[in-house]
Amino acid sequence: MKTAPELTATQRLVNLCAERLLAHRKPLLGLFLLITLALGYSATQVRLDPGFNKQIPVRHAYMLNFLDFSRIFTGANRLLVSVHWKGEGDIYNPEFLQTLQQVTDDVFYISGVSRPSVTSLFTPNVRYIEITEDGYVGDLVVPPQYAATPEDLQQVRSNAARSGQIGRLLANDLKSAMVTADLQDVDPKTGQPVDYVQIAQRLEDIRGKYSSADIDINIVGFAKLVGDVVEGLNTVMGFFAIAFVITGVLLWLYSRSLRLTVVALLVALLPVIWLLGLLPLLGLGIDPMSILVPFLIFSIGVSHAVQMTNAWKQQVLAGSDSVTAAKAAFSTIFIPGALALLMNALGFGVIMLIDIPIVHELGITACIGVMLMIITNKIMLPLIIAHLRLEPRLMTARARLNEQRHPLWWRLSALATPGPALWVFAISLLLLAAGAYKARDLATGDIGAGAPELRADSRYNQDNHAIISSYSIGLDVLSVFLTISDRSEACLDPAVMRAVEAFDFNMREVPGVQSVQSVAGMSKEVIAGNNEGNPRWAAIPGSSQGLQQGAYAYSPDSGLVTDGCQQMQILVFLTDHEGATVAHVLSEAKRIIGGIQVPGVSFKLAGGNIGVMAASNEAVKQAEVVMLAALFISVALFCLLTFRSVRAVLCILVPLAIVAVLCNALMALLGIGLKVATLPVMALGVGVGVDYGIYLYERIEHEMAEGQNLREAFYRAMCQRGTAAVFTALTMSLGVCTWVFAPLKFQADMGVLLAFMFMVNVLGAIFLLPALAAWFNLGKPLVVDKSPVAADAGGVRTRSDREALNASISTD
């Protein structure tokens with residue numbers, strides 16, 4: 001009979017650590033309990049920390065221009081509040097205009113609003129101008145002496161028509177009027193970051209206060225979106241509770257032990273509690289878009305807790321006492337478990353290659369949570385289960401069960417032989433080819449109109465639809481900046497104005513562009529007005545004197561130029577912010593700019609919320625390949641250092657690569673874009689897949705070191721590790737599948753993707769890994785065993801029986 005292989009230095013060190021830890025288990029458990037209580041209290045202080053600038057890739061060329069010009073022109077963090085008249089006639093009636101004035105005042109006094117930026121028919125920065133025989137005549141659209149008399153209403157109607165605000169502050173059908181405002185990142189009163197949740201609540205208060213049978217309020221903007229997402233988080237917690245209950249029930253059905261179920265759930269929750277407790281101590285909050293990270297930590301924690309408790313249970317059923325079983329479980333699980341957790345942390349760490357603050361924050365938060373699991377699941381859990389006693393009824397039931405082989409796993413172990421492995425390769429190649437073909441359709445950025453984080457029928461998306469269908473502008477705006485050098489009055493230079501006009505004219509013809517605002521367009525309107533409104537005069541003159549006719553358009557009050565016109569911006573309003581639309585419009589803008597060559601005139605992209613989206617999409621697209629390459633290379637190096645085998649690396653990584661391609665194909669099939677919110681799922685998928693592969697491969701290698709052939713080694717690995725892996729994958733998939741009913745669309749999308757990743761990764765590990773191993777000649781020739789030989793405590797035949805059987809077959 002062969003002797004057990006000699007322990008390596010690492011294994012001896014792990015065994016020594018197990019001895020020391022279990023020898024001091026009570027003091028250590030007391031210490032961990034105190035830490036848990038302290039961090040649990042600190043977790044009550046955790047705060048939501050949304051921020052607009054956190055979404056900006058600050059080192060992208062677009063954002064460098066955007067941040068530079070944001071000190072001069074309005075930024076991308078804008079609110080639009082539309083007051084809609086549902087009664088008879090148009091908006092020029094006392095009730096509507098009184099409501100519009102009150103809404104304007106309420107928006108003006110919201111904490112965090114840049115008050116000079118507030119714009120509506122009732123603000124002093126909205127004026128009209130007309131040309132009479134006596135020259136230019138202009139005033140406020142709503143004069144100070146307005147008293148809602150019929151004459152005043154008629155005057156407001158006339159002034160508004162001459163103000164050029166139809167399609168901007170006034171709806172094209174004259175049934176709505178707009179209040180716009182920009183938000184600041186820091187409240188000037190308190191010096192603290194603005195509270196987006198509070199702003200959203202104030203906006204909802206405005207809606208509730210002024211909505212009536214004849215008036216409806218539509219509101220869009222980043223702050224309102226954050227408020228709706230936070231409101232949806234209340235249901236998120238409910239879905240988390242449902243997933244927790246499902247996990248608990250399935251864990252009890254699997255283990256048949258209430259004690260192990262409770263311990264596994266509590267230990268899986270510990271890293272979440274510790275993480276939430278550490279965030280306030282580190283001065284960090286949690287962004288609403290990162291709210292799913294704690295559940296991901298819990299899911300990974302359940303997977304590792306089940307592996308540890310399952311290993312302990314097998315040792316107890318084999319006759320060991322609780323302490324000895326805990327030592328053995330620690331010794332066998334710590335190395336593959338710690339390696340798998342390091343891979344999980346690495347998966348979250350590499351997403352920080354995307355140069356966006358919110359991604360860095362998500363990566364740091366997730367990495368901390370995963371690293372905490374090494375303490376809670378690999379050190380603290382063995383200390384707890386060392387004090388447990390397995391229910392007596394389980395001993396008898398398992399003894400009866402182990403009298404024969406596990407039929408499913410024994411049939412599945414045939415995949416570790418060359419013949420069946422070929423079928424696995426064929427199916428895998430077909431899936432890979434189909435996935436690669438469909439993955440070509442994966443879009444970068446948002447898909448669909450409105451806020452993709454919310455359902456299409458959400459109030460926010462309904463408001464967005466109402467605004468873009470009523471006005472010629474919307475929230476989706478691209479700012480193109482111009483700097484002019486060597487000219488003191490650039491607006492009076494025909495070459496400069498014709499360059500602006502050329503860009504304006506050509507952009508209007510681009511599919512996806514709704515309207516364009518530029519100083520050249522405004523100048524042509526004023527010049528035509530100076531010539532009895534004749535449209536033939538709506539052109540850029542060839543002299544400075546001719547351009548002086550449009551002087552009204554060159555005022556900084558328009559928000560398009562500075563004094564002296566040394567800086568300008570052109571506003572391009574898009575029909576939507578789909579990734580394809582944004583990319584096409586930016587591409588066309590670059591092409592048009594490339595064809596405009598005027599000395600001293602420099603066009604710079606890009607501002608507005610579309611500029612932010614374009615920069616984010618480009619950052620994600622550029623980082624995707626680098627991120628996945630860095631992740632797979634790092635995982636390969638870790639596995640190579642651990643297993644000292646290139647074959648081991650291929651056995652673990654090939655299933656992960658195929659699953660990554662299939663995930664991209666699923667996203668394309670479901671219409672989910674690749675963006676900041678979805679990219680972490682890919683990293684998580686690789687991390688979770690590594691868990692399954694490492695646990696299985698480590699056990700296969702261990703069994704083969706004891707003299708087993710590959711099929712027998714794989715069978716034993718499935719009995720000891722595979723059952724737990726399949727269970728955790730199934731449990732987590734069922735838990736996140738409930739998210740498809742969540743009101744937040746991004747949560748529903750994440751639920752589908754995570755369920756897919758959890759299940760397909762474990763299937764890749766148990767089907768493709770042994771097939772690859774079979775053709776990498778890891779096993780020895782297999783003697784098929786069909787005789788009814790008794791099984792050992794682990795559910796497999798004893799080595800002496802197998803050797804005797806093989807000897808008898810050889811003799812025959």
# chains A, B, ... in the order shown; residues from 1 in each chain; ligands from 1
$ residues_around --residues "A:Glu701" --least-positions-apart "5" --cutoff "10 Å" --atoms "only C-alpha atoms" --output "number ranges by chain"
A: 643, 648, 696, 706, 708, 710, 713-714, 717, 778-779
$ select_by_dssp --residues "stretch 72-163 of chain A" --states "strand (DSSP E or B)" --output "list in words"
Arg78, Leu79, Leu80, Val81, Ser82, Val83, His84, Trp85, Val113, Ser114, Arg115, Pro116, Ser117, Val118, Thr119, Arg127, Tyr128, Ile129, Glu130, Ile131, Thr132, Gly135, Tyr136, Val137, Gly138, Asp139 and Leu140 of chain A
$ write_last_selection --atoms "C-alpha atoms" --output "short mmCIF file (atom, residue, chain, number, x, y, z; two decimals), in the first residue's frame"
data_model
loop_
_atom_site.label_atom_id
_atom_site.label_comp_id
_atom_site.auth_asym_id
_atom_site.auth_seq_id
_atom_site.Cartn_x
_atom_site.Cartn_y
_atom_site.Cartn_z
CA ARG A 78 -28.72 70.55 -14.40
CA LEU A 79 -32.32 70.39 -13.23
CA LEU A 80 -35.28 70.79 -15.55
CA VAL A 81 -38.70 71.44 -13.98
CA SER A 82 -41.49 71.66 -16.51
CA VAL A 83 -44.90 73.05 -15.53
CA HIS A 84 -47.54 71.59 -17.85
CA TRP A 85 -51.01 73.05 -18.38
CA VAL A 113 -28.92 75.36 -6.48
CA SER A 114 -26.71 77.93 -8.19
CA ARG A 115 -29.09 80.86 -7.93
CA PRO A 116 -27.68 82.93 -10.84
CA SER A 117 -28.37 79.92 -13.09
CA VAL A 118 -32.11 79.70 -12.30
CA THR A 119 -33.98 80.55 -15.51
CA ARG A 127 -35.60 89.22 -21.86
CA TYR A 128 -37.04 90.06 -25.21
CA ILE A 129 -35.90 92.59 -27.79
CA GLU A 130 -37.61 94.15 -30.77
CA ILE A 131 -36.58 96.64 -33.37
CA THR A 132 -38.76 99.68 -33.87
CA GLY A 135 -34.31 101.62 -32.38
CA TYR A 136 -34.01 98.62 -30.10
CA VAL A 137 -36.69 98.18 -27.44
CA GLY A 138 -36.38 95.41 -24.85
CA ASP A 139 -37.52 94.44 -21.39
CA LEU A 140 -38.23 91.48 -19.15
#
$ atom_distance --atom1 "atom CA of A:Met308" --atom2 "atom CA of A:Phe330"
7.4 Å
$ residues_around --residues "stretch 210-223 of chain A" --least-positions-apart "6" --cutoff "9 Å" --atoms "only C-alpha atoms" --output "JSON, numbers by chain"
{"A": [51, 52, 77, 78, 79, 80, 81, 82, 83, 84, 85, 86, 87, 88, 96, 99, 102, 103, 183, 195, 196, 197, 198, 199, 200, 203, 204, 459, 460, 461, 462, 463, 464, 466, 467, 475]}
$ write_last_selection --atoms "C-alpha atoms" --output "short mmCIF file (atom, residue, chain, number, x, y, z; two decimals), in the first residue's frame"
data_model
loop_
_atom_site.label_atom_id
_atom_site.label_comp_id
_atom_site.auth_asym_id
_atom_site.auth_seq_id
_atom_site.Cartn_x
_atom_site.Cartn_y
_atom_site.Cartn_z
CA GLY A 51 -21.98 62.74 -6.27
CA PHE A 52 -22.12 63.99 -9.83
CA ASN A 77 -25.44 68.90 -13.47
CA ARG A 78 -28.72 70.55 -14.40
CA LEU A 79 -32.32 70.39 -13.23
CA LEU A 80 -35.28 70.79 -15.55
CA VAL A 81 -38.70 71.44 -13.98
CA SER A 82 -41.49 71.66 -16.51
CA VAL A 83 -44.90 73.05 -15.53
CA HIS A 84 -47.54 71.59 -17.85
CA TRP A 85 -51.01 73.05 -18.38
CA LYS A 86 -53.67 70.36 -18.87
CA GLY A 87 -56.66 72.69 -19.06
CA GLU A 88 -58.22 74.46 -22.01
CA PHE A 96 -50.70 78.86 -14.75
CA THR A 99 -47.92 78.57 -10.45
CA GLN A 102 -44.14 80.07 -7.39
CA VAL A 103 -42.27 77.05 -8.79
CA LEU A 183 -26.56 72.39 -9.10
CA ASP A 195 -27.35 66.49 -0.30
CA TYR A 196 -28.88 65.05 -3.47
CA VAL A 197 -31.45 63.05 -1.56
CA GLN A 198 -32.67 66.20 0.19
CA ILE A 199 -32.78 68.10 -3.11
CA ALA A 200 -34.83 65.29 -4.66
CA LEU A 203 -38.41 68.69 -5.82
CA GLU A 204 -41.02 66.07 -4.94
CA ARG A 459 -42.19 58.51 -13.14
CA TYR A 460 -38.74 59.87 -13.98
CA ASN A 461 -38.70 58.33 -17.45
CA GLN A 462 -42.26 59.45 -18.07
CA ASP A 463 -41.23 63.00 -17.13
CA ASN A 464 -38.23 62.76 -19.43
CA ALA A 466 -42.87 64.49 -21.68
CA ILE A 467 -40.07 67.09 -21.76
CA LEU A 475 -31.38 67.08 -20.50
#
$ residues_around --residues "stretch 431-436 of chain A" --least-positions-apart "5" --cutoff "9 Å" --atoms "only C-alpha atoms" --output "NGL selection string"
:A and (426 or 658-659 or 661-666)
$ closest_residue --among "A:Met522, A:Asp493, A:Ala502, A:Asn344" --to "A:Ser544" --atoms "only C-alpha atoms"
A:Asp493
$ atom_distance --atom1 "atom CA of A:Asp355" --atom2 "atom CA of A:Asp49"
18.7 Å
$ closest_atom_pairs --of "stretch 651-746 of chain A" --to "stretch 636-641 of chain A" --cutoff "9 Å" --atoms "only C-alpha atoms" --output "Markdown table"
| residue | atom | partner | partner_atom | distance |
| --- | --- | --- | --- | --- |
| A:Ile652 | CA | A:Cys639 | CA | 8.3 |
| A:Leu653 | CA | A:Ala636 | CA | 7.2 |
| A:Ile694 | CA | A:Cys639 | CA | 8.2 |
$ write_last_selection --atoms "N, CA and C atoms" --output "mmCIF file, in the first residue's frame"
data_model
loop_
_atom_site.group_PDB
_atom_site.id
_atom_site.type_symbol
_atom_site.label_atom_id
_atom_site.label_comp_id
_atom_site.auth_asym_id
_atom_site.auth_seq_id
_atom_site.Cartn_x
_atom_site.Cartn_y
_atom_site.Cartn_z
ATOM 1 N N ILE A 652 -8.092 25.885 -15.173
ATOM 2 C CA ILE A 652 -8.887 26.841 -14.402
ATOM 3 C C ILE A 652 -9.320 28.029 -15.250
ATOM 4 N N LEU A 653 -8.451 28.499 -16.135
ATOM 5 C CA LEU A 653 -8.730 29.741 -16.862
ATOM 6 C C LEU A 653 -9.592 29.550 -18.102
ATOM 7 N N ILE A 694 -10.573 26.558 -8.381
ATOM 8 C CA ILE A 694 -9.481 26.314 -7.426
ATOM 9 C C ILE A 694 -9.868 25.240 -6.423
#
$ residues_around --residues "A:Val582" --least-positions-apart "2" --cutoff "9 Å" --atoms "only C-alpha atoms" --output "list of chain:residue names"
A:Gly445, A:Gly512, A:Leu574, A:Asp576, A:His577, A:Glu578, A:Gly579, A:Ala580, A:His584, A:Val585, A:Leu586, A:Ser587, A:Ile610, A:Gly611, A:Met613, A:Ala614
$ write_last_selection --atoms "C-alpha atoms" --output "JSON list (two decimals), in the first residue's frame"
[["chain", "number", "residue", "atom", "x", "y", "z"],
["A", 445, "GLY", "CA", -23.01, 52.93, -22.78],
["A", 512, "GLY", "CA", -29.64, 62.00, -33.23],
["A", 574, "LEU", "CA", -29.59, 65.13, -28.56],
["A", 576, "ASP", "CA", -31.40, 60.48, -26.41],
["A", 577, "HIS", "CA", -28.21, 59.41, -24.66],
["A", 578, "GLU", "CA", -27.85, 55.87, -26.00],
["A", 579, "GLY", "CA", -24.24, 54.81, -26.29],
["A", 580, "ALA", "CA", -24.54, 54.46, -30.07],
["A", 584, "HIS", "CA", -22.07, 58.79, -33.52],
["A", 585, "VAL", "CA", -22.68, 62.44, -32.61],
["A", 586, "LEU", "CA", -19.17, 62.82, -31.13],
["A", 587, "SER", "CA", -17.66, 61.16, -34.20],
["A", 610, "ILE", "CA", -23.36, 64.00, -23.03],
["A", 611, "GLY", "CA", -19.68, 64.93, -22.76],
["A", 613, "MET", "CA", -21.24, 60.09, -20.83],
["A", 614, "ALA", "CA", -18.97, 60.05, -23.86]]
